[in-house]
Amino acid sequence: MGDGAGIGPEVVVPALLHPNTLRDCRPVVVGDAERLRQAARLVGVDCTIVPVESPAQAEFTPGRVNVIDLALLPADLPWGKLSPKAGDAAYHYVRVAAELAMRGDVQGICTAPLNKEALHAAGHLYPGHTELLAHLTGVEEVSMMLSTPKVKVIHVTTHIGLIDAVNRIEPGLVERTVRRGHEAMVRAGVPQPRIGVCGINPHAGENGLFGYGEEDEKIVPALEVLRADGIDARGPLPADTAFFLASRGDYDLIVAMYHDQGHGPVKVLGIEAGVNLTVGLPVIRTSVDHGTAFDIAGTGRADAGSMVEALRQAAEMSTAPAAR
């Protein structure tokens with residue numbers, strides 16, 4: 001359900017009631033039943049919020065929202081205000097979802113946004129969902145992928161400062177990131193994805209004119225190994241043109257070297273239908289590509305489109321159980 005003080009509850013309820021959702025999957029919310037009821041009233045939808053002990057107890061009928069109710073939020077929690085209680089609850093929603101997925105009780109996880117400051121205020125010192133899920137599932141290294149109708153991008157580094165990101169980038173990390181992206185694209189139905197790999201410097205260094213040879217040192221060796229293995233990875237590409245080329249169909253996936261290099265173009269090209277995927281986990285995880293939006297939380301104005309798409313992609317990439 002994400003941070004209960006943000007727009008998570010307001011996008012979860014309408015997304016689960018969307019007619020395509022029951023067509024695509026069998027969703028169960030991990031969150032707070034009373035907060036979801038408040039959200040339903042805010043967005044003006046008529047539904048029944050039903051607490052269940054486990055996904056096996058859930059029933060899937062139009063107008064019903066099943067929730068594993070952790071009941072961690074106070075009934076009078078303010079909307080749109082940072083709350084350590086909401087941050088702590090958000091952590092436990094993710095923890096329980098990860099436990100369900102690791103046991104095989106669910107086939108995928110779809111997350112509403114949490115607030116990093118609230119998470120930290122509650123004593124859970126993770127940069128975000130990606131790192132938290134990696135810890136909970138025992139994985140040392142994962143990648144963030146953003147998916148929109150026009151472009152998909154996977155990041156070599158994410159939630160660290162720019163200087164630290166440049167220092168962290170090295171051929172092995174670039175190679176592993178591209179391989180994770182390639183595997184995700186194949187799983188999503190693109191058998192031979194064309195992958196464009198951004199440089200670090202403007203114009204990808206322009207043959208040594210900009211920077212100190214970072215592209216030749218940190219990226220080119222990885223591309224040589226990948227291409228030798230039959231992966232269509234091209235670059236290093238100037239980042240300012242790579243996303244334009246991808247948006248017109250030249251590339252199926254762009255590899256960004258750091259957070260804003262990838263996030264900026266994606267949010268211009270399609271944040272409304274954007275989805276965040278964590279690649280490299282032992283379970284499927286997708287998320288909306290927006291934050292908690294405290295400025296509009298509690299107003300009923302939040303758009304559930306990204307959550308609908310995140311649910312669809314989670315279902316598309318997940319292995320369906322034997323009996324449905």
# chains A, B, ... in the order shown; residues from 1 in each chain; ligands from 1
$ select_by_dssp --residues "range 86-320 of chain A" --states "strand (DSSP E or B)" --output "PyMOL selection string"
chain A and resi 108-111+143-147+152-155+195-198+233-237+253-256+275-279+284-288
$ residues_around --residues "Gly274 in chain A" --least-positions-apart "5" --cutoff "10 Å" --atoms "only C-alpha atoms" --output "list in words"
Leu146, Ser147, Thr148, Pro149, Lys150, Val151, Lys152, Val266, Lys267, Leu269, Ser287, Val288, Asp289, His290, Gly305, Ser306, Met307, Glu309 and Ala310 of chain A
$ closest_residue --among "A:Arg64, A:Arg41, A:Arg285, A:His203" --to "Val28 in chain A" --atoms "only C-alpha atoms"
A:Arg64
$ closest_residue --among "A:Gly205, A:Gly280, A:Gly44, A:Gly138" --to "Glu99 in chain A" --atoms "only C-alpha atoms"
A:Gly138
$ residues_around --residues "Pro78 in chain A" --least-positions-apart "4" --cutoff "9 Å" --atoms "only C-alpha atoms" --output "PDB file with all heavy atoms, in the first residue's frame"
ATOM      1  N   ALA A   5       0.350   7.974   4.467  1.00  0.00           N
ATOM      2  CA  ALA A   5       0.097   9.410   4.468  1.00  0.00           C
ATOM      3  C   ALA A   5       0.150  10.006   3.069  1.00  0.00           C
ATOM      4  O   ALA A   5      -0.223  11.159   2.869  1.00  0.00           O
ATOM      5  CB  ALA A   5       1.110  10.123   5.369  1.00  0.00           C
ATOM      6  N   LEU A  82       4.570  14.119   6.711  1.00  0.00           N
ATOM      7  CA  LEU A  82       5.563  13.113   7.018  1.00  0.00           C
ATOM      8  C   LEU A  82       5.280  12.479   8.377  1.00  0.00           C
ATOM      9  O   LEU A  82       5.051  13.180   9.352  1.00  0.00           O
ATOM     10  CB  LEU A  82       6.952  13.744   7.026  1.00  0.00           C
ATOM     11  CG  LEU A  82       8.088  12.743   7.188  1.00  0.00           C
ATOM     12  CD1 LEU A  82       8.729  12.474   5.846  1.00  0.00           C
ATOM     13  CD2 LEU A  82       9.123  13.253   8.169  1.00  0.00           C
ATOM     14  N   SER A  83       5.299  11.139   8.421  1.00  0.00           N
ATOM     15  CA  SER A  83       4.970  10.442   9.655  1.00  0.00           C
ATOM     16  C   SER A  83       5.878   9.229   9.836  1.00  0.00           C
ATOM     17  O   SER A  83       5.875   8.332   8.987  1.00  0.00           O
ATOM     18  CB  SER A  83       3.510   9.984   9.642  1.00  0.00           C
ATOM     19  OG  SER A  83       3.263   9.023  10.656  1.00  0.00           O
ATOM     20  N   GLY A 298      -4.835  12.889   0.025  1.00  0.00           N
ATOM     21  CA  GLY A 298      -6.055  13.176   0.770  1.00  0.00           C
ATOM     22  C   GLY A 298      -7.059  14.023   0.035  1.00  0.00           C
ATOM     23  O   GLY A 298      -8.122  14.344   0.570  1.00  0.00           O
TER      24      GLY A 298
END
$ residues_around --residues "His92 in chain A" --least-positions-apart "2" --cutoff "12 Å" --atoms "only C-alpha atoms" --output "PyMOL selection string"
chain A and resi 1-4+30-32+68-73+85-90+94-99+114+119+122+124+129+132-133+136
$ closest_residue --among "A:Leu100, A:Leu162, A:Val153, A:Met317" --to "Asn276 in chain A" --atoms "only C-alpha atoms"
A:Val153
$ atom_distance --atom1 "CA of Phe60 in chain A" --atom2 "CA of Asn20 in chain A"
13.0 Å
$ residues_around --residues "Ile163 in chain A" --least-positions-apart "6" --cutoff "12 Å" --atoms "only C-alpha atoms" --output "list in words"
Thr157, Ile169, Ile200, Met257, Tyr258 and His259 of chain A
$ write_last_selection --atoms "C-alpha atoms" --output "PDB file, in the first residue's frame"
ATOM      1  CA  THR A 157      23.672   3.297 -10.401  1.00  0.00           C
ATOM      2  CA  ILE A 169      30.818   2.504 -12.331  1.00  0.00           C
ATOM      3  CA  ILE A 200      29.088   9.113 -18.736  1.00  0.00           C
ATOM      4  CA  MET A 257      24.819   5.339 -15.955  1.00  0.00           C
ATOM      5  CA  TYR A 258      23.261   7.313 -13.097  1.00  0.00           C
ATOM      6  CA  HIS A 259      19.870   8.264 -11.628  1.00  0.00           C
TER       7      HIS A 259
END
$ residues_around --residues "Thr278 in chain A" --least-positions-apart "4" --cutoff "7 Å" --atoms "only C-alpha atoms" --output "ChimeraX atom specification"
/A:130,142-145,285-286
$ closest_residue --among "A:Thr241, A:Thr158, A:Thr292, A:Gln107" --to "Gly199 in chain A" --atoms "only C-alpha atoms"
A:Thr241
$ atom_distance --atom1 "CA of Glu117 in chain A" --atom2 "CA of Gly300 in chain A"
23.2 Å
$ residues_around --residues "range 213-227 of chain A" --least-positions-apart "2" --cutoff "12 Å" --atoms "only C-alpha atoms" --output "NGL selection string"
:A and (156 or 165-180 or 182 or 194-211 or 229-238 or 255-257)
$ write_last_selection --atoms "N, CA and C atoms" --output "CSV table (one decimal), in the first residue's frame"
chain,number,residue,atom,x,y,z
A,156,VAL,N,22.6,1.8,-14.1
A,156,VAL,CA,23.8,1.2,-13.6
A,156,VAL,C,24.0,1.6,-12.1
A,165,ALA,N,28.6,8.0,-8.0
A,165,ALA,CA,28.2,7.1,-9.1
A,165,ALA,C,29.3,6.9,-10.1
A,166,VAL,N,29.9,8.0,-10.5
A,166,VAL,CA,31.0,7.9,-11.5
A,166,VAL,C,32.1,7.0,-10.9
A,167,ASN,N,32.4,7.1,-9.6
A,167,ASN,CA,33.5,6.3,-9.0
A,167,ASN,C,33.0,4.8,-9.0
A,168,ARG,N,31.8,4.6,-8.8
A,168,ARG,CA,31.3,3.2,-8.6
A,168,ARG,C,31.2,2.4,-9.9
A,169,ILE,N,31.0,3.2,-11.0
A,169,ILE,CA,30.8,2.5,-12.3
A,169,ILE,C,32.1,1.8,-12.7
A,170,GLU,N,32.0,0.6,-13.1
A,170,GLU,CA,33.2,-0.2,-13.6
A,170,GLU,C,32.7,-1.3,-14.5
A,171,PRO,N,33.6,-1.8,-15.4
A,171,PRO,CA,33.1,-2.7,-16.4
A,171,PRO,C,32.2,-3.9,-15.9
A,172,GLY,N,32.6,-4.5,-14.8
A,172,GLY,CA,31.8,-5.6,-14.3
A,172,GLY,C,30.4,-5.2,-13.9
A,173,LEU,N,30.2,-4.0,-13.3
A,173,LEU,CA,28.9,-3.5,-12.9
A,173,LEU,C,28.0,-3.2,-14.2
A,174,VAL,N,28.7,-2.6,-15.2
A,174,VAL,CA,28.0,-2.3,-16.4
A,174,VAL,C,27.6,-3.6,-17.1
A,175,GLU,N,28.4,-4.5,-17.2
A,175,GLU,CA,28.1,-5.8,-17.8
A,175,GLU,C,26.9,-6.5,-17.1
A,176,ARG,N,27.0,-6.6,-15.8
A,176,ARG,CA,25.9,-7.2,-15.0
A,176,ARG,C,24.6,-6.5,-15.2
A,177,THR,N,24.6,-5.2,-15.3
A,177,THR,CA,23.4,-4.4,-15.4
A,177,THR,C,22.8,-4.7,-16.8
A,178,VAL,N,23.6,-4.7,-17.8
A,178,VAL,CA,23.1,-4.9,-19.2
A,178,VAL,C,22.5,-6.3,-19.3
A,179,ARG,N,23.2,-7.3,-18.7
A,179,ARG,CA,22.7,-8.7,-18.7
A,179,ARG,C,21.3,-8.8,-18.0
A,180,ARG,N,21.2,-8.1,-16.9
A,180,ARG,CA,19.9,-8.1,-16.2
A,180,ARG,C,18.8,-7.5,-17.1
A,182,HIS,N,18.8,-7.3,-20.4
A,182,HIS,CA,18.6,-8.2,-21.5
A,182,HIS,C,17.6,-9.3,-21.1
A,194,ARG,N,17.4,-4.8,-28.7
A,194,ARG,CA,18.5,-3.8,-29.0
A,194,ARG,C,18.7,-2.9,-27.9
A,195,ILE,N,19.9,-2.9,-27.3
A,195,ILE,CA,20.2,-2.2,-26.1
A,195,ILE,C,21.2,-1.1,-26.4
A,196,GLY,N,20.8,0.2,-26.1
A,196,GLY,CA,21.7,1.3,-26.2
A,196,GLY,C,22.3,1.7,-24.9
A,197,VAL,N,23.6,1.8,-24.8
A,197,VAL,CA,24.3,2.1,-23.5
A,197,VAL,C,24.8,3.5,-23.5
A,198,CYS,N,24.4,4.3,-22.6
A,198,CYS,CA,24.8,5.7,-22.5
A,198,CYS,C,26.2,5.8,-22.1
A,199,GLY,N,26.9,6.9,-22.5
A,199,GLY,CA,28.2,7.2,-21.9
A,199,GLY,C,28.0,8.0,-20.6
A,200,ILE,N,29.1,8.4,-20.0
A,200,ILE,CA,29.1,9.1,-18.7
A,200,ILE,C,29.2,10.6,-19.0
A,201,ASN,N,30.1,11.0,-19.9
A,201,ASN,CA,30.3,12.4,-20.1
A,201,ASN,C,29.5,12.9,-21.3
A,202,PRO,N,29.3,14.2,-21.4
A,202,PRO,CA,28.7,14.8,-22.6
A,202,PRO,C,29.2,14.2,-23.9
A,203,HIS,N,28.4,13.9,-24.8
A,203,HIS,CA,28.8,13.4,-26.1
A,203,HIS,C,29.5,12.1,-26.0
A,204,ALA,N,29.3,11.4,-24.8
A,204,ALA,CA,30.0,10.1,-24.5
A,204,ALA,C,31.5,10.3,-24.6
A,205,GLY,N,32.0,11.5,-24.2
A,205,GLY,CA,33.4,11.8,-24.1
A,205,GLY,C,34.0,12.4,-25.4
A,206,GLU,N,33.3,12.2,-26.5
A,206,GLU,CA,33.7,12.7,-27.8
A,206,GLU,C,35.2,12.5,-28.0
A,207,ASN,N,35.6,11.2,-28.0
A,207,ASN,CA,37.0,10.8,-28.3
A,207,ASN,C,38.0,11.5,-27.4
A,208,GLY,N,37.7,11.6,-26.1
A,208,GLY,CA,38.6,12.2,-25.2
A,208,GLY,C,38.5,13.7,-25.0
A,209,LEU,N,37.6,14.3,-25.7
A,209,LEU,CA,37.5,15.8,-25.6
A,209,LEU,C,36.9,16.2,-24.2
A,210,PHE,N,36.0,15.3,-23.7
A,210,PHE,CA,35.3,15.6,-22.4
A,210,PHE,C,35.6,14.5,-21.5
A,211,GLY,N,36.0,14.8,-20.2
A,211,GLY,CA,36.2,13.8,-19.2
A,211,GLY,C,37.7,13.3,-19.3
A,229,ASP,N,29.2,-12.4,-26.4
A,229,ASP,CA,28.2,-13.3,-26.0
A,229,ASP,C,26.9,-13.3,-26.7
A,230,GLY,N,26.8,-12.4,-27.8
A,230,GLY,CA,25.7,-12.3,-28.6
A,230,GLY,C,24.6,-11.4,-28.2
A,231,ILE,N,24.9,-10.5,-27.2
A,231,ILE,CA,24.0,-9.5,-26.7
A,231,ILE,C,24.2,-8.3,-27.5
A,232,ASP,N,23.1,-7.7,-28.1
A,232,ASP,CA,23.1,-6.6,-29.0
A,232,ASP,C,23.2,-5.3,-28.1
A,233,ALA,N,24.4,-5.0,-27.6
A,233,ALA,CA,24.6,-3.8,-26.8
A,233,ALA,C,25.4,-2.8,-27.5
A,234,ARG,N,24.9,-1.6,-27.8
A,234,ARG,CA,25.6,-0.6,-28.6
A,234,ARG,C,26.0,0.6,-27.8
A,235,GLY,N,27.1,1.2,-28.1
A,235,GLY,CA,27.5,2.4,-27.4
A,235,GLY,C,29.0,2.4,-27.2
A,236,PRO,N,29.5,3.3,-26.3
A,236,PRO,CA,28.7,4.3,-25.5
A,236,PRO,C,28.1,5.3,-26.4
A,237,LEU,N,26.8,5.7,-26.0
A,237,LEU,CA,26.1,6.6,-26.8
A,237,LEU,C,25.9,8.0,-26.0
A,238,PRO,N,25.9,9.1,-26.8
A,238,PRO,CA,25.6,10.4,-26.1
A,238,PRO,C,24.2,10.3,-25.5
A,255,VAL,N,20.5,1.9,-21.4
A,255,VAL,CA,21.2,1.7,-20.1
A,255,VAL,C,21.7,3.1,-19.7
A,256,ALA,N,21.2,3.6,-18.6
A,256,ALA,CA,21.7,4.9,-18.0
A,256,ALA,C,22.7,4.6,-17.0
A,257,MET,N,23.7,5.5,-16.9
A,257,MET,CA,24.8,5.3,-16.0
A,257,MET,C,24.5,5.8,-14.5
$ atom_distance --atom1 "CA of Leu277 in chain A" --atom2 "CA of Val29 in chain A"
18.2 Å
